[in-house]
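Q: Here it is, the structure in full.
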Amino acid sequence: MGNTMQDKKHSEIYTQMCSEVTQHLTEDIIPFWKSLRDDENGGYTGFVGYDLKADRKAVRGCILNSRITWFFANAYTLLKDSSLLEEAAHGFAFLRDVCWDRTNGGVYWSVGHDGTPAETLKHTYNQAFSIYALSSYYEASGDREALDLAYRLCDIIEGRMRDGSGYREAFDEAFNEIGNDKLSENGVMASRTMNTLLHVFEAYIELYRVDRDEKVAEKIKWMMDIIATKVYNPKLHRQEVFFDDRWQPIIDLHSYGHDIETAWLVDRGLEVLGDDACVRRMSPITRDLTQQVYKTAFRDASLANECENGVVDDRRIWWVQAETVVGFLNAYEKTGRGEYLGAARDVWGFIRDHLIDRRDGYAAGREWYWWVGADGTPAAGQPIVEPWKCPYHNGRMCFEVIRRQEILSRK
């Protein structure tokens, strides 16, 4: 009787959460990003300030465009609204016709609002997100050109950006290696980063999921080995973040958001691969990462950002909260432990009550603040949209909550 009552309570919690998230996706996030479409120049407006004013002439990050394309492709696959597929096609055309370097191959870092190249460097991270978008768009549309472009980018990453130990990261227009300032933070310059590896992994999982090329599967397994042997620190129950050439950590940093994101993305990769040996090796790691984040960073119904040299940054960053919801739901699905479901519900409540921007002034829908304090106070002045701020994390949170409903409501 006790288990039945508990299961019913869990189902009710999840059903309510899913209803609220679905409403937020359809009434807030989707209309907002539709309103930024640029039919004159292609793509989507690249900047909206804290004052909610859109700068239609701002530089447009190609990562931003890839993520928007990915978002609309997945929104269509989930909701079957033809207008969403049309938005995804609009994003795909901009990626193919404007962001793509027709001379050297690959995708630029950014372009002007009129389509002229702005920053022409090529970054492994950037190519990975284009693969992610192209794979999802292929699934949504059946357009073989998108899949072909994804494989061309995969060839570039494997042929020009990979060495025997992992992936090199930053290159100029002609693929000569340069300093990795785009993915280095916290006062260090990293040769390799956990973040870039994670998102190449993520992109290849999506590519493999939609086309089942075994060569891609082998590369995914190779990256899992790097995660297990180079990135994951079993003594500290975390991933290291920034590395030198030899995969030696160069900073004492625990990135809570990346750890919870990695945990569920690796579990997703294990599901897609269906390889028992990989499951046996990687599942203990994903469980450990999740448990450590829950124990050390989950406070006041939300997640702190990171801990550097023992000092906690307790800002509540938009993407960290989004990934935390998915990560704790994933942990609940894997373990059945009710505290993880409760944590996911609490973080969603924090997002709903504090991170979603409820101010008047939006032309359509609404978005999230960049970050708020632990008490929910918004960081005034931070943009609502810029090259890194897009519907990838919060949109994906919505997709994952909705897609997991059938499985999780039975727990």
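Starting from 1 in every chain, residues are counted up; chains themselves are A, B, ... following the order of the structure tokens, and ligands are numbered from 1 as listed.
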I'd like to know which residues of segment 60-253 of chain A are strand (DSSP E) (by DSSP, run on the backbone); could you write them as a list in words?

A: Arg60, Gly61, Ser110, Val111, Pro117, Ala118, Glu119, Lys122, His123, Ala170, Phe171, Arg192, Thr193, Tyr232, Asn233, Arg238, Gln239, Phe242, Phe243 and Leu253 of chain A

Q: What's around segment 53-66 of chain A at 10 Å? Count only C-alpha atoms, leave out sequence neighbours fewer than 6 positions away in its own chain, and write the answer as a PyMOL selection string.

A: chain A and resi 36-38+41+43-47+88+91-92+94-95+98-100+107-119+125-134+361-363+383-392

Q: Keeping N, CA and C atoms, export the residues of the selection given above as a short mmCIF file (atom, residue, chain, number, x, y, z; two decimals), in the first residue's frame.

A:
```
data_model
loop_
_atom_site.label_atom_id
_atom_site.label_comp_id
_atom_site.auth_asym_id
_atom_site.auth_seq_id
_atom_site.Cartn_x
_atom_site.Cartn_y
_atom_site.Cartn_z
N LEU A 36 11.83 36.71 -33.21
CA LEU A 36 13.16 37.20 -33.57
C LEU A 36 13.58 36.79 -34.98
N ARG A 37 12.72 36.14 -35.69
CA ARG A 37 13.05 35.72 -37.06
C ARG A 37 13.28 36.94 -37.96
N ASP A 38 14.29 36.85 -38.80
CA ASP A 38 14.63 37.91 -39.74
C ASP A 38 14.39 37.38 -41.15
N ASN A 41 17.15 39.23 -43.91
CA ASN A 41 18.55 38.81 -43.96
C ASN A 41 18.77 37.34 -43.65
N GLY A 43 18.08 33.96 -40.81
CA GLY A 43 18.45 33.69 -39.43
C GLY A 43 17.56 34.41 -38.43
N TYR A 44 18.14 34.64 -37.25
CA TYR A 44 17.40 35.23 -36.14
C TYR A 44 18.23 36.34 -35.50
N THR A 45 17.55 37.35 -35.00
CA THR A 45 18.22 38.48 -34.36
C THR A 45 19.14 37.99 -33.25
N GLY A 46 20.33 38.59 -33.20
CA GLY A 46 21.37 38.06 -32.33
C GLY A 46 21.50 38.71 -30.97
N PHE A 47 20.68 39.74 -30.67
CA PHE A 47 20.84 40.40 -29.38
C PHE A 47 19.54 41.06 -28.94
N ALA A 88 12.45 25.87 -38.40
CA ALA A 88 13.68 25.08 -38.47
C ALA A 88 14.30 25.17 -39.86
N GLY A 91 16.13 28.41 -40.19
CA GLY A 91 17.43 28.35 -39.53
C GLY A 91 18.43 27.53 -40.31
N PHE A 92 17.98 26.41 -40.87
CA PHE A 92 18.87 25.56 -41.67
C PHE A 92 19.41 26.31 -42.87
N PHE A 94 19.94 29.47 -43.20
CA PHE A 94 20.95 30.43 -42.77
C PHE A 94 22.26 29.73 -42.44
N LEU A 95 22.17 28.59 -41.78
CA LEU A 95 23.37 27.82 -41.46
C LEU A 95 24.09 27.37 -42.73
N VAL A 98 24.87 30.95 -45.12
CA VAL A 98 25.55 32.12 -44.57
C VAL A 98 26.67 31.74 -43.60
N CYS A 99 26.40 30.82 -42.70
CA CYS A 99 27.40 30.47 -41.68
C CYS A 99 28.51 29.56 -42.22
N TRP A 100 28.23 28.89 -43.30
CA TRP A 100 29.17 27.92 -43.87
C TRP A 100 30.25 28.62 -44.69
N VAL A 107 32.10 25.88 -40.28
CA VAL A 107 31.19 26.95 -39.90
C VAL A 107 31.96 28.03 -39.16
N TYR A 108 31.70 29.29 -39.54
CA TYR A 108 32.33 30.43 -38.87
C TYR A 108 31.88 30.52 -37.41
N TRP A 109 32.59 31.36 -36.67
CA TRP A 109 32.17 31.65 -35.30
C TRP A 109 30.97 32.60 -35.28
N SER A 110 31.01 33.64 -36.14
CA SER A 110 29.89 34.58 -36.18
C SER A 110 29.85 35.29 -37.53
N VAL A 111 28.68 35.86 -37.82
CA VAL A 111 28.48 36.63 -39.04
C VAL A 111 27.73 37.91 -38.69
N GLY A 112 27.85 38.90 -39.56
CA GLY A 112 27.08 40.13 -39.37
C GLY A 112 25.61 39.91 -39.66
N HIS A 113 24.80 40.87 -39.31
CA HIS A 113 23.36 40.73 -39.54
C HIS A 113 23.03 40.61 -41.02
N ASP A 114 23.94 41.14 -41.86
CA ASP A 114 23.74 41.09 -43.31
C ASP A 114 24.37 39.86 -43.94
N GLY A 115 24.93 38.97 -43.11
CA GLY A 115 25.48 37.72 -43.63
C GLY A 115 26.96 37.74 -43.95
N THR A 116 27.62 38.89 -43.79
CA THR A 116 29.06 38.93 -44.04
C THR A 116 29.80 38.28 -42.85
N PRO A 117 30.87 37.53 -43.10
CA PRO A 117 31.60 36.91 -42.00
C PRO A 117 32.11 37.95 -41.01
N ALA A 118 31.97 37.68 -39.73
CA ALA A 118 32.46 38.58 -38.69
C ALA A 118 33.72 37.99 -38.07
N GLU A 119 33.58 36.95 -37.26
CA GLU A 119 34.74 36.22 -36.74
C GLU A 119 34.84 34.91 -37.50
N TYR A 125 33.96 23.22 -30.96
CA TYR A 125 32.68 23.38 -30.27
C TYR A 125 31.60 23.85 -31.24
N ASN A 126 31.95 24.81 -32.06
CA ASN A 126 31.01 25.38 -33.01
C ASN A 126 30.59 24.36 -34.07
N GLN A 127 31.56 23.61 -34.59
CA GLN A 127 31.23 22.59 -35.59
C GLN A 127 30.31 21.54 -34.98
N ALA A 128 30.56 21.20 -33.71
CA ALA A 128 29.75 20.18 -33.04
C ALA A 128 28.29 20.62 -32.95
N PHE A 129 28.06 21.87 -32.59
CA PHE A 129 26.67 22.31 -32.48
C PHE A 129 25.97 22.36 -33.83
N SER A 130 26.72 22.60 -34.88
CA SER A 130 26.11 22.54 -36.21
C SER A 130 25.71 21.10 -36.54
N ILE A 131 26.55 20.14 -36.19
CA ILE A 131 26.18 18.72 -36.38
C ILE A 131 24.92 18.39 -35.60
N TYR A 132 24.85 18.87 -34.38
CA TYR A 132 23.68 18.64 -33.52
C TYR A 132 22.42 19.16 -34.20
N ALA A 133 22.49 20.39 -34.71
CA ALA A 133 21.34 21.00 -35.37
C ALA A 133 20.98 20.29 -36.67
N LEU A 134 21.98 19.99 -37.47
CA LEU A 134 21.72 19.36 -38.77
C LEU A 134 21.13 17.97 -38.61
N GLY A 361 6.66 44.14 -21.68
CA GLY A 361 7.56 44.69 -22.68
C GLY A 361 7.97 43.73 -23.76
N TYR A 362 7.62 42.45 -23.61
CA TYR A 362 7.92 41.48 -24.65
C TYR A 362 6.96 41.65 -25.82
N ALA A 363 7.50 41.57 -27.04
CA ALA A 363 6.65 41.62 -28.22
C ALA A 363 5.81 40.36 -28.34
N PRO A 383 21.99 40.65 -20.79
CA PRO A 383 21.09 40.53 -21.94
C PRO A 383 20.17 39.32 -21.85
N ILE A 384 19.08 39.41 -22.54
CA ILE A 384 18.12 38.31 -22.63
C ILE A 384 18.50 37.37 -23.78
N VAL A 385 19.09 37.94 -24.84
CA VAL A 385 19.61 37.16 -25.98
C VAL A 385 20.97 37.71 -26.34
N GLU A 386 21.92 36.84 -26.57
CA GLU A 386 23.23 37.19 -27.12
C GLU A 386 23.83 35.89 -27.66
N PRO A 387 25.04 35.90 -28.21
CA PRO A 387 25.51 34.70 -28.90
C PRO A 387 25.48 33.40 -28.10
N TRP A 388 25.51 33.47 -26.76
CA TRP A 388 25.45 32.26 -25.96
C TRP A 388 24.08 32.02 -25.32
N LYS A 389 23.18 32.98 -25.41
CA LYS A 389 21.90 32.92 -24.69
C LYS A 389 20.79 32.65 -25.68
N CYS A 390 20.22 31.47 -25.60
CA CYS A 390 19.32 30.99 -26.65
C CYS A 390 18.37 29.95 -26.07
N PRO A 391 17.51 29.32 -26.88
CA PRO A 391 16.54 28.36 -26.34
C PRO A 391 17.05 26.92 -26.26
N TYR A 392 18.35 26.76 -26.28
CA TYR A 392 18.92 25.41 -26.25
C TYR A 392 18.73 24.74 -24.89
#
```

Q: Quick one: distance from atom CA of Lys295 of chain A to atom CA of Val188 of chain A in Å, one decimal?

A: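 Separation between atom CA of Lys295 of chain A and atom CA of Val188 of chain A: 27.7 Å.
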
Q: Pick out each residue of segment 11-114 of chain A that DSSP on the backbone tags as alpha helix (DSSP H); I need them as a ChimeraX atom specification.

A: /A:11-24,30-34,62-79,82-94

Q: Quick one: of A:Asp51, A:Asp101, A:Glu87, A:Asp353, who's nearest to Pro31 of chain A, counting only C-alpha atoms?

A: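 Using only C-alpha atoms, the shortest distance to Pro31 of chain A belongs to A:Glu87.
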